[in-house]
$ cat query_9.txt   # compact mmCIF, C-alpha atoms
# COMPACT_ATOMS: atom_id res chain seq x y z
CA MET A 1 34.35 -8.20 4.68
CA THR A 2 32.70 -11.25 3.24
CA THR A 3 28.92 -11.30 2.72
CA ALA A 4 28.53 -13.50 5.80
CA GLN A 5 30.68 -11.19 7.92
CA MET A 6 28.68 -8.13 6.88
CA GLN A 7 25.44 -9.95 7.64
CA GLN A 8 26.70 -10.92 11.09
CA GLU A 9 27.68 -7.30 11.81
CA ILE A 10 24.27 -6.04 10.66
CA ILE A 11 22.54 -8.51 12.99
CA ARG A 12 24.79 -7.45 15.88
CA LEU A 13 24.20 -3.74 15.27
CA LYS A 14 20.43 -3.99 14.83
CA GLN A 15 20.16 -5.82 18.16
CA GLU A 16 22.48 -3.36 19.90
CA LYS A 17 20.63 -0.29 18.56
CA ASP A 18 17.06 -1.69 18.75
CA ILE A 19 16.39 -1.58 15.00
CA CYS A 20 13.72 -3.64 13.25
CA ILE A 21 14.68 -4.45 9.65
CA LEU A 22 11.82 -4.88 7.19
CA ALA A 23 12.59 -6.29 3.74
CA HIS A 24 10.17 -6.22 0.84
CA ALA A 25 9.87 -9.47 -1.09
CA TYR A 26 11.64 -7.87 -4.08
CA GLN A 27 14.85 -7.32 -2.12
CA SER A 28 17.84 -9.61 -2.72
CA HIS A 29 18.22 -12.79 -0.69
CA ASP A 30 21.26 -11.57 1.25
CA ILE A 31 19.05 -8.78 2.64
CA TRP A 32 16.24 -11.26 3.38
CA GLU A 33 18.64 -13.17 5.61
CA VAL A 34 19.23 -10.20 7.96
CA ALA A 35 15.62 -8.96 8.02
CA ASP A 36 13.26 -9.38 10.97
CA PHE A 37 10.25 -9.51 8.66
CA ILE A 38 9.80 -10.13 4.93
CA GLY A 39 6.61 -9.46 2.99
CA ASP A 40 4.55 -7.17 0.80
CA SER A 41 4.25 -3.44 1.39
CA PHE A 42 1.27 -3.43 3.75
CA GLY A 43 2.29 -6.58 5.59
CA LEU A 44 5.62 -4.92 6.42
CA CYS A 45 3.93 -1.75 7.63
CA LYS A 46 1.73 -3.75 9.99
CA GLN A 47 4.86 -5.43 11.32
CA ALA A 48 6.42 -1.99 11.81
CA ALA A 49 3.43 -0.89 13.89
CA ALA A 50 3.52 -4.10 15.95
CA SER A 51 7.27 -3.99 16.57
CA THR A 52 8.57 -2.72 19.91
CA ALA A 53 11.80 -1.48 18.30
CA LYS A 54 12.53 2.24 18.50
CA THR A 55 13.77 2.38 14.90
CA VAL A 56 12.35 0.76 11.77
CA LEU A 57 14.51 0.29 8.67
CA MET A 58 12.43 -0.17 5.52
CA CYS A 59 14.32 -2.00 2.79
CA GLY A 60 11.97 -1.12 -0.03
CA VAL A 61 10.78 2.10 -1.64
CA ARG A 62 9.65 5.49 -0.35
CA PHE A 63 5.86 5.01 -0.20
CA MET A 64 6.41 1.93 1.98
CA ALA A 65 8.52 3.89 4.44
CA GLU A 66 5.91 6.67 4.44
CA THR A 67 3.14 4.19 5.20
CA ALA A 68 5.21 2.73 8.03
CA LYS A 69 5.67 6.22 9.46
CA ILE A 70 1.92 6.87 9.24
CA LEU A 71 1.16 3.67 11.14
CA CYS A 72 3.85 4.23 13.78
CA PRO A 73 4.43 8.00 14.06
CA ASP A 74 6.35 7.66 17.34
CA LYS A 75 9.03 5.46 15.79
CA ARG A 76 12.07 6.56 13.83
CA VAL A 77 11.61 5.24 10.27
CA LEU A 78 14.51 4.94 7.84
CA LEU A 79 14.40 4.30 4.09
CA SER A 80 17.34 2.12 3.08
CA HIS A 81 18.18 4.10 -0.08
CA PRO A 82 17.11 7.76 -0.50
CA GLU A 83 16.64 7.38 -4.27
CA ALA A 84 14.40 4.30 -4.03
CA GLY A 85 11.07 5.66 -5.21
CA CYS A 86 8.12 4.11 -7.03
CA PRO A 87 7.16 5.43 -10.49
CA MET A 88 3.56 4.28 -9.98
CA ALA A 89 3.25 6.10 -6.65
CA GLU A 90 4.64 9.25 -8.21
CA GLN A 91 2.44 9.28 -11.33
CA MET A 92 -0.35 11.34 -9.76
CA ASP A 93 -0.49 14.36 -7.48
CA LYS A 94 -3.07 15.72 -5.08
CA ASP A 95 -4.54 18.19 -7.60
CA MET A 96 -5.23 15.37 -10.09
CA ILE A 97 -7.20 13.45 -7.47
CA LEU A 98 -9.17 16.55 -6.47
CA ALA A 99 -10.03 17.09 -10.15
CA MET A 100 -11.31 13.51 -10.38
CA LYS A 101 -13.45 14.03 -7.28
CA ALA A 102 -14.90 17.18 -8.86
CA LYS A 103 -15.69 15.31 -12.10
CA PHE A 104 -17.40 12.46 -10.20
CA PRO A 105 -18.93 14.12 -7.13
CA GLY A 106 -19.80 11.77 -4.32
CA VAL A 107 -17.91 8.84 -5.87
CA PRO A 108 -15.42 7.25 -3.45
CA VAL A 109 -11.74 7.25 -4.39
CA VAL A 110 -10.02 3.91 -3.83
CA ALA A 111 -6.23 4.19 -3.69
CA TYR A 112 -3.84 1.31 -4.21
CA ILE A 113 -1.43 1.31 -1.26
CA ASN A 114 1.33 2.02 -3.82
CA THR A 115 0.63 5.77 -3.54
CA THR A 116 2.34 8.63 -1.73
CA ALA A 117 1.26 9.87 1.68
CA GLU A 118 0.09 13.10 0.02
CA LEU A 119 -2.26 11.21 -2.33
CA LYS A 120 -3.69 9.18 0.52
CA THR A 121 -4.82 12.38 2.25
CA VAL A 122 -7.54 12.94 -0.39
CA CYS A 123 -8.62 9.31 -0.89
CA ASP A 124 -11.38 7.38 0.87
CA LEU A 125 -10.10 3.83 1.01
CA CYS A 126 -6.72 2.15 0.64
CA VAL A 127 -6.36 -1.36 -0.83
CA THR A 128 -3.63 -3.88 -1.51
CA SER A 129 -3.36 -6.18 -4.52
CA SER A 130 -4.69 -9.04 -2.39
CA SER A 131 -7.56 -7.11 -0.78
CA ALA A 132 -8.67 -4.90 -3.69
CA VAL A 133 -11.35 -7.23 -5.08
CA GLY A 134 -13.00 -7.91 -1.73
CA LEU A 135 -12.91 -4.31 -0.54
CA VAL A 136 -14.24 -2.86 -3.80
CA ARG A 137 -17.05 -5.43 -3.74
CA SER A 138 -17.93 -4.42 -0.18
CA LEU A 139 -18.37 -0.71 -0.93
CA ASP A 140 -21.92 0.67 -1.00
CA SER A 141 -21.25 2.80 -4.07
CA ASP A 142 -21.87 1.26 -7.51
CA ARG A 143 -19.33 3.65 -9.04
CA ILE A 144 -15.73 3.90 -7.86
CA ILE A 145 -12.68 5.94 -8.81
CA PHE A 146 -9.71 3.54 -8.71
CA ILE A 147 -6.15 4.90 -8.75
CA PRO A 148 -3.43 4.69 -9.91
CA ASP A 149 -2.93 1.26 -11.53
CA CYS A 150 -5.27 0.74 -14.48
CA ASN A 151 -4.16 -2.90 -14.91
CA LEU A 152 -4.95 -3.79 -11.30
CA GLY A 153 -8.16 -1.80 -11.73
CA ALA A 154 -9.06 -3.75 -14.87
CA PHE A 155 -8.50 -7.03 -13.00
CA VAL A 156 -10.71 -5.85 -10.13
CA GLN A 157 -13.36 -4.77 -12.64
CA SER A 158 -13.33 -8.24 -14.21
CA GLN A 159 -13.90 -9.80 -10.80
CA VAL A 160 -16.55 -7.28 -9.69
CA PRO A 161 -18.61 -6.64 -12.86
CA GLU A 162 -21.52 -5.23 -10.86
CA LYS A 163 -19.43 -2.12 -10.06
CA GLN A 164 -18.35 0.59 -12.49
CA LEU A 165 -14.70 1.51 -11.97
CA GLU A 166 -13.36 4.77 -13.33
CA LEU A 167 -9.79 3.97 -14.32
CA PHE A 168 -6.99 6.31 -15.28
CA HIS A 169 -3.79 5.69 -17.18
CA GLY A 170 -1.16 4.71 -14.65
CA GLY A 171 0.47 1.73 -13.07
CA CYS A 172 3.64 -0.21 -12.44
CA PRO A 173 5.98 0.20 -15.44
CA THR A 174 7.80 -3.02 -14.58
CA HIS A 175 4.71 -5.24 -14.66
CA ALA A 176 2.97 -3.23 -17.40
CA ARG A 177 5.81 -3.67 -19.90
CA ILE A 178 5.22 -7.43 -20.11
CA THR A 179 3.24 -8.35 -23.21
CA ALA A 180 0.76 -11.09 -23.98
CA ALA A 181 3.22 -12.36 -26.59
CA GLU A 182 5.91 -12.80 -23.91
CA ALA A 183 3.45 -14.77 -21.80
CA GLU A 184 2.61 -16.99 -24.78
CA HIS A 185 6.31 -17.54 -25.44
CA ALA A 186 7.04 -18.48 -21.82
CA LYS A 187 4.22 -21.02 -21.88
CA SER A 188 5.49 -22.52 -25.12
CA VAL A 189 9.01 -22.88 -23.69
CA HIS A 190 7.74 -24.37 -20.41
CA PRO A 191 4.50 -26.19 -21.35
CA ALA A 192 4.33 -28.16 -18.09
CA ALA A 193 4.62 -25.08 -15.88
CA LEU A 194 1.79 -23.22 -14.18
CA MET A 195 1.85 -19.46 -14.83
CA LEU A 196 1.46 -17.27 -11.74
CA VAL A 197 1.18 -13.54 -12.39
CA HIS A 198 0.63 -10.29 -10.53
CA PRO A 199 -2.57 -8.31 -11.24
CA GLU A 200 -0.45 -5.26 -12.14
CA CYS A 201 0.26 -7.07 -15.44
CA GLN A 202 -1.72 -6.23 -18.56
CA PRO A 203 -5.10 -7.99 -19.05
CA GLY A 204 -3.64 -9.93 -21.99
CA VAL A 205 -1.12 -11.45 -19.57
CA THR A 206 -3.42 -12.14 -16.62
CA ALA A 207 -5.91 -13.81 -18.99
CA GLN A 208 -3.31 -16.52 -19.71
CA ALA A 209 -2.42 -17.14 -16.05
CA ASP A 210 -3.26 -20.19 -14.00
CA PHE A 211 -3.25 -17.97 -10.92
CA VAL A 212 -3.40 -14.19 -10.41
CA GLY A 213 -2.43 -12.76 -7.05
CA SER A 214 -0.18 -10.54 -4.98
CA THR A 215 3.48 -11.38 -4.58
CA THR A 216 2.81 -12.99 -1.20
CA GLU A 217 -0.06 -15.00 -2.68
CA ILE A 218 2.05 -16.11 -5.64
CA MET A 219 4.76 -17.42 -3.32
CA ALA A 220 2.25 -19.18 -1.09
CA PHE A 221 0.55 -20.78 -4.10
CA ALA A 222 3.85 -22.09 -5.47
CA LYS A 223 4.90 -23.52 -2.10
CA LYS A 224 1.59 -25.31 -1.50
CA SER A 225 0.98 -26.52 -5.05
CA ASP A 226 1.63 -30.11 -6.06
CA ALA A 227 2.90 -28.85 -9.41
CA GLU A 228 6.64 -29.04 -10.02
CA GLU A 229 7.20 -26.17 -12.48
CA PHE A 230 6.12 -22.53 -12.40
CA ILE A 231 6.43 -19.44 -14.58
CA ILE A 232 6.64 -16.42 -12.27
CA GLY A 233 5.02 -13.24 -13.57
CA THR A 234 6.23 -10.73 -11.01
CA GLU A 235 9.58 -9.16 -10.08
CA ASN A 236 12.35 -11.60 -10.97
CA SER A 237 13.86 -11.71 -7.48
CA ILE A 238 10.89 -13.92 -6.55
CA VAL A 239 12.23 -16.59 -8.89
CA GLN A 240 15.45 -16.79 -6.87
CA HIS A 241 13.67 -16.73 -3.51
CA LEU A 242 11.39 -19.60 -4.54
CA GLN A 243 14.31 -21.56 -5.97
CA ILE A 244 16.04 -21.33 -2.58
CA GLU A 245 12.93 -22.11 -0.53
CA CYS A 246 11.67 -24.91 -2.81
CA PRO A 247 14.78 -26.48 -4.41
CA GLU A 248 12.78 -29.56 -5.43
CA LYS A 249 10.68 -27.42 -7.81
CA ARG A 250 11.57 -25.45 -10.94
CA PHE A 251 10.86 -21.74 -11.34
CA TYR A 252 11.19 -19.66 -14.51
CA ALA A 253 10.96 -15.91 -15.07
CA LEU A 254 8.10 -14.90 -17.34
CA SER A 255 10.39 -12.23 -18.79
CA LYS A 256 13.94 -11.01 -18.27
CA HIS A 257 12.47 -7.49 -18.21
CA LEU A 258 10.58 -8.01 -14.94
CA VAL A 259 13.12 -6.11 -12.86
CA CYS A 260 12.29 -3.22 -10.52
CA GLU A 261 15.22 -0.81 -10.76
CA ASN A 262 14.16 1.04 -7.61
CA MET A 263 14.05 -2.12 -5.49
CA LYS A 264 17.45 -3.09 -6.81
CA LEU A 265 19.01 0.16 -5.55
CA THR A 266 19.23 -1.16 -1.99
CA THR A 267 22.26 -3.35 -1.35
CA LEU A 268 23.48 -5.23 1.70
CA GLY A 269 26.09 -2.49 2.05
CA ASP A 270 23.31 0.11 2.28
CA VAL A 271 21.66 -1.88 5.06
CA TYR A 272 25.01 -2.07 6.86
CA HIS A 273 25.50 1.71 6.74
CA CYS A 274 21.91 2.30 7.88
CA VAL A 275 22.37 0.24 11.04
CA LEU A 276 25.84 1.74 11.49
CA GLY A 277 24.21 5.17 11.55
CA ASP A 278 25.59 6.87 8.44
CA GLY A 279 23.22 5.72 5.70
CA GLY A 280 19.64 5.84 4.50
CA GLU A 281 17.15 8.65 4.99
CA GLU A 282 14.88 9.32 7.95
CA ILE A 283 11.25 9.78 6.88
CA ALA A 284 9.61 12.98 8.12
CA LEU A 285 5.89 13.69 7.63
CA ASP A 286 3.90 16.50 9.22
CA ALA A 287 1.17 15.60 11.70
CA GLU A 288 -1.70 16.74 9.46
CA THR A 289 -0.53 14.65 6.49
CA MET A 290 -0.22 11.60 8.71
CA ARG A 291 -3.66 12.18 10.21
CA LEU A 292 -5.41 12.56 6.87
CA ALA A 293 -3.48 9.78 5.13
CA ARG A 294 -4.18 7.37 7.96
CA ARG A 295 -7.94 7.77 7.45
CA CYS A 296 -8.03 5.77 4.20
CA ILE A 297 -5.70 3.14 5.70
CA ASP A 298 -7.94 2.81 8.77
CA ASN A 299 -10.94 2.40 6.47
CA MET A 300 -9.17 -0.54 4.86
CA LEU A 301 -8.47 -2.11 8.24
CA LYS A 302 -12.12 -1.79 9.24
$ encode --input "query_9.txt" --output "structure tokens"
Amino acid sequence: MTTAQMQQEIIRLKQEKDICILAHAYQSHDIWEVADFIGDSFGLCKQAAASTAKTVLMCGVRFMAETAKILCPDKRVLLSHPEAGCPMAEQMDKDMILAMKAKFPGVPVVAYINTTAELKTVCDLCVTSSSAVGLVRSLDSDRIIFIPDCNLGAFVQSQVPEKQLELFHGGCPTHARITAAEAEHAKSVHPAALMLVHPECQPGVTAQADFVGSTTEIMAFAKKSDAEEFIIGTENSIVQHLQIECPEKRFYALSKHLVCENMKLTTLGDVYHCVLGDGGEEIALDAETMRLARRCIDNMLK
């Protein structure tokens, strides 16, 4: 099969079997082209809930598929690659969160959506990278436990200085490994380019950025901007996607190390076998976990 032939067969099979394909922005472009919806983790989960399809195929990582299952428990939810996890989501367990709550009694726990379903069961509010600042600002409490990403938490703290955020060591290893020196180097190599970075990057990196935002916000900024050159400080697949969508502009990777190994596990062949019926993994969560985990997601939606 050629790539085009495999894509055509995937499209035929998903229509025949009533499957909605969701692709995270960090997936490769050949997967984007067969997806029904493309976006960030929470945007995809909302699309899963809104879809009338009986089966949802999440081309992303495990916590995203879990969140989709929580929001649409009556649907069959598949994860495109069983080994596609998220190191940040797996850094903490339920007992650690309960210990934090005991140390800071009465203090709300705000969980980045990049957490497991189990963690969400003991948290009070879920946030995304684009909604974190606004939602933290809106909370009545002056003190907040923010988990798990300390870099995103530090960015939120800088934007909401009136709150005291209790941060803990954790976060996205892909974004966190980028150094301020690498950001300086990228700017020196591309002096005319605007630097757009994700808030999961270290403070020394975000401090040098012309814009800090979620992956979806970074892409929207680049598309709308009158600027012609951009340094992209998030997963390097975004560089390719923007190059294809905006060929008249120039896009450069902030670092060659900005690669999510877990996102890269899913291939077009995996998607093909999922819709064929002999690939992926069906997500199963017990009713109590889904009920408790949904509470902090519903609080975000309110």
$ atom_distance --input "query_9.txt" --atom1 "CA of Met219 in chain A" --atom2 "CA of Cys20 in chain A"
23.3 Å
$ atom_distance --input "query_9.txt" --atom1 "CA of Leu285 in chain A" --atom2 "CA of Met92 in chain A"
18.6 Å
$ atom_distance --input "query_9.txt" --atom1 "CA of Asp298 in chain A" --atom2 "CA of Gly39 in chain A"
19.9 Å
$ residues_around --input "query_9.txt" --residues "range 293-296 of chain A" --least-positions-apart "2" --cutoff "6 Å" --atoms "all atoms listed in the file" --output "MDAnalysis selection string"
chainID A and resid 117 120:121 124:126 289:291 298:299
$ closest_residue --input "query_9.txt" --among "A:Val109, A:Leu119, A:Leu78, A:Ala209" --to "Gln91 in chain A" --atoms "only C-alpha atoms"
A:Leu119
$ residues_around --input "query_9.txt" --residues "Thr215 in chain A" --least-positions-apart "3" --cutoff "8 Å" --atoms "all atoms listed in the file" --output "list in words"
Ala25, Asp40, His198, Ile218, Met219 and Thr234 of chain A
$ write_last_selection --input "query_9.txt" --atoms "C-alpha atoms" --output "mmCIF file, keeping the file's coordinate frame"
data_model
loop_
_atom_site.group_PDB
_atom_site.id
_atom_site.type_symbol
_atom_site.label_atom_id
_atom_site.label_comp_id
_atom_site.auth_asym_id
_atom_site.auth_seq_id
_atom_site.Cartn_x
_atom_site.Cartn_y
_atom_site.Cartn_z
ATOM 1 C CA ALA A 25 9.870 -9.470 -1.090
ATOM 2 C CA ASP A 40 4.550 -7.170 0.800
ATOM 3 C CA HIS A 198 0.630 -10.290 -10.530
ATOM 4 C CA ILE A 218 2.050 -16.110 -5.640
ATOM 5 C CA MET A 219 4.760 -17.420 -3.320
ATOM 6 C CA THR A 234 6.230 -10.730 -11.010
#
$ residues_around --input "query_9.txt" --residues "Val275 in chain A" --least-positions-apart "4" --cutoff "10 Å" --atoms "all atoms listed in the file" --output "PyMOL selection string"
chain A and resi 9-21+55+57+78+80+270-271+279-280
$ closest_residue --input "query_9.txt" --among "A:Gln164, A:Ser158, A:Thr67, A:Thr179" --to "Glu118 in chain A" --atoms "all atoms listed in the file"
A:Thr67
$ closest_residue --input "query_9.txt" --among "A:Ala180, A:Met6, A:Ala193, A:Ala48" --to "Glu33 in chain A" --atoms "only C-alpha atoms"
A:Met6
$ residues_around --input "query_9.txt" --residues "Ser214 in chain A" --least-positions-apart "2" --cutoff "6 Å" --atoms "all atoms listed in the file" --output "PyMOL selection string"
chain A and resi 129-130+198+216-217
$ closest_residue --input "query_9.txt" --among "A:His273, A:His241, A:Lys187, A:His257" --to "Gln208 in chain A" --atoms "all atoms listed in the file"
A:Lys187
$ residues_near_point --input "query_9.txt" --point "(-8.3, -2.3, 0.8)" --cutoff "8 Å" --atoms "all atoms listed in the file" --output "PyMOL selection string"
chain A and resi 110+112+125-128+131-132+134-136+297+299-301
$ closest_residue --input "query_9.txt" --among "A:Phe63, A:Phe155, A:Phe42, A:Phe146" --to "Thr115 in chain A" --atoms "all atoms listed in the file"
A:Phe63
$ closest_residue --input "query_9.txt" --among "A:Glu245, A:Glu228, A:Asp149, A:Glu200" --to "Leu165 in chain A" --atoms "only C-alpha atoms"
A:Asp149
$ residues_around --input "query_9.txt" --residues "Leu22 in chain A" --least-positions-apart "2" --cutoff "7 Å" --atoms "all atoms listed in the file" --output "PDB file with C-alpha atoms, keeping the file's coordinate frame"
ATOM      1  CA  CYS A  20      13.720  -3.640  13.250  1.00  0.00           C
ATOM      2  CA  HIS A  24      10.170  -6.220   0.840  1.00  0.00           C
ATOM      3  CA  ALA A  35      15.620  -8.960   8.020  1.00  0.00           C
ATOM      4  CA  ASP A  36      13.260  -9.380  10.970  1.00  0.00           C
ATOM      5  CA  PHE A  37      10.250  -9.510   8.660  1.00  0.00           C
ATOM      6  CA  ILE A  38       9.800 -10.130   4.930  1.00  0.00           C
ATOM      7  CA  LEU A  44       5.620  -4.920   6.420  1.00  0.00           C
ATOM      8  CA  LEU A  57      14.510   0.290   8.670  1.00  0.00           C
ATOM      9  CA  MET A  58      12.430  -0.170   5.520  1.00  0.00           C
ATOM     10  CA  CYS A  59      14.320  -2.000   2.790  1.00  0.00           C
TER      11      CYS A  59
END
$ residues_near_point --input "query_9.txt" --point "(7.4, -17.0, -15.1)" --cutoff "6 Å" --atoms "only C-alpha atoms" --output "PyMOL selection string"
chain A and resi 231-233+252-254
$ axis_aligned_box --input "query_9.txt" --around "range 53-67 of chain A" --padding-each-side "6 Å" --output "AutoDock Vina command-line options"
--center_x 8.8 --center_y 2.3 --center_z 8.4 --size_x 23.4 --size_y 20.7 --size_z 32.1
$ decode --input "query_9.txt" --residues "range 92-119 of chain A" --atoms "C-alpha atoms" --output "JSON list (two decimals), in the first residue's frame"
[["chain", "number", "residue", "atom", "x", "y", "z"],
["A", 92, "MET", "CA", 2.13, 11.30, 40.77],
["A", 93, "ASP", "CA", -0.25, 8.81, 42.34],
["A", 94, "LYS", "CA", -3.40, 9.14, 44.42],
["A", 95, "ASP", "CA", -1.59, 8.75, 47.75],
["A", 96, "MET", "CA", 0.73, 11.67, 46.95],
["A", 97, "ILE", "CA", -2.25, 13.94, 46.30],
["A", 98, "LEU", "CA", -3.97, 12.84, 49.50],
["A", 99, "ALA", "CA", -0.75, 13.62, 51.41],
["A", 100, "MET", "CA", -0.72, 17.12, 49.89],
["A", 101, "LYS", "CA", -4.34, 17.65, 50.91],
["A", 102, "ALA", "CA", -3.46, 16.59, 54.47],
["A", 103, "LYS", "CA", -0.51, 19.01, 54.56],
["A", 104, "PHE", "CA", -2.67, 21.91, 53.29],
["A", 105, "PRO", "CA", -6.15, 21.21, 54.68],
["A", 106, "GLY", "CA", -8.95, 23.03, 52.93],
["A", 107, "VAL", "CA", -6.73, 24.16, 50.04],
["A", 108, "PRO", "CA", -8.19, 23.25, 46.63],
["A", 109, "VAL", "CA", -6.19, 20.96, 44.36],
["A", 110, "VAL", "CA", -6.01, 22.15, 40.76],
["A", 111, "ALA", "CA", -5.01, 19.40, 38.33],
["A", 112, "TYR", "CA", -3.63, 19.99, 34.86],
["A", 113, "ILE", "CA", -5.70, 17.90, 32.46],
["A", 114, "ASN", "CA", -2.48, 15.97, 31.72],
["A", 115, "THR", "CA", -3.17, 13.66, 34.68],
["A", 116, "THR", "CA", -4.54, 10.14, 35.01],
["A", 117, "ALA", "CA", -8.18, 9.39, 35.72],
["A", 118, "GLU", "CA", -7.14, 8.10, 39.15],
["A", 119, "LEU", "CA", -5.51, 11.42, 40.07]]
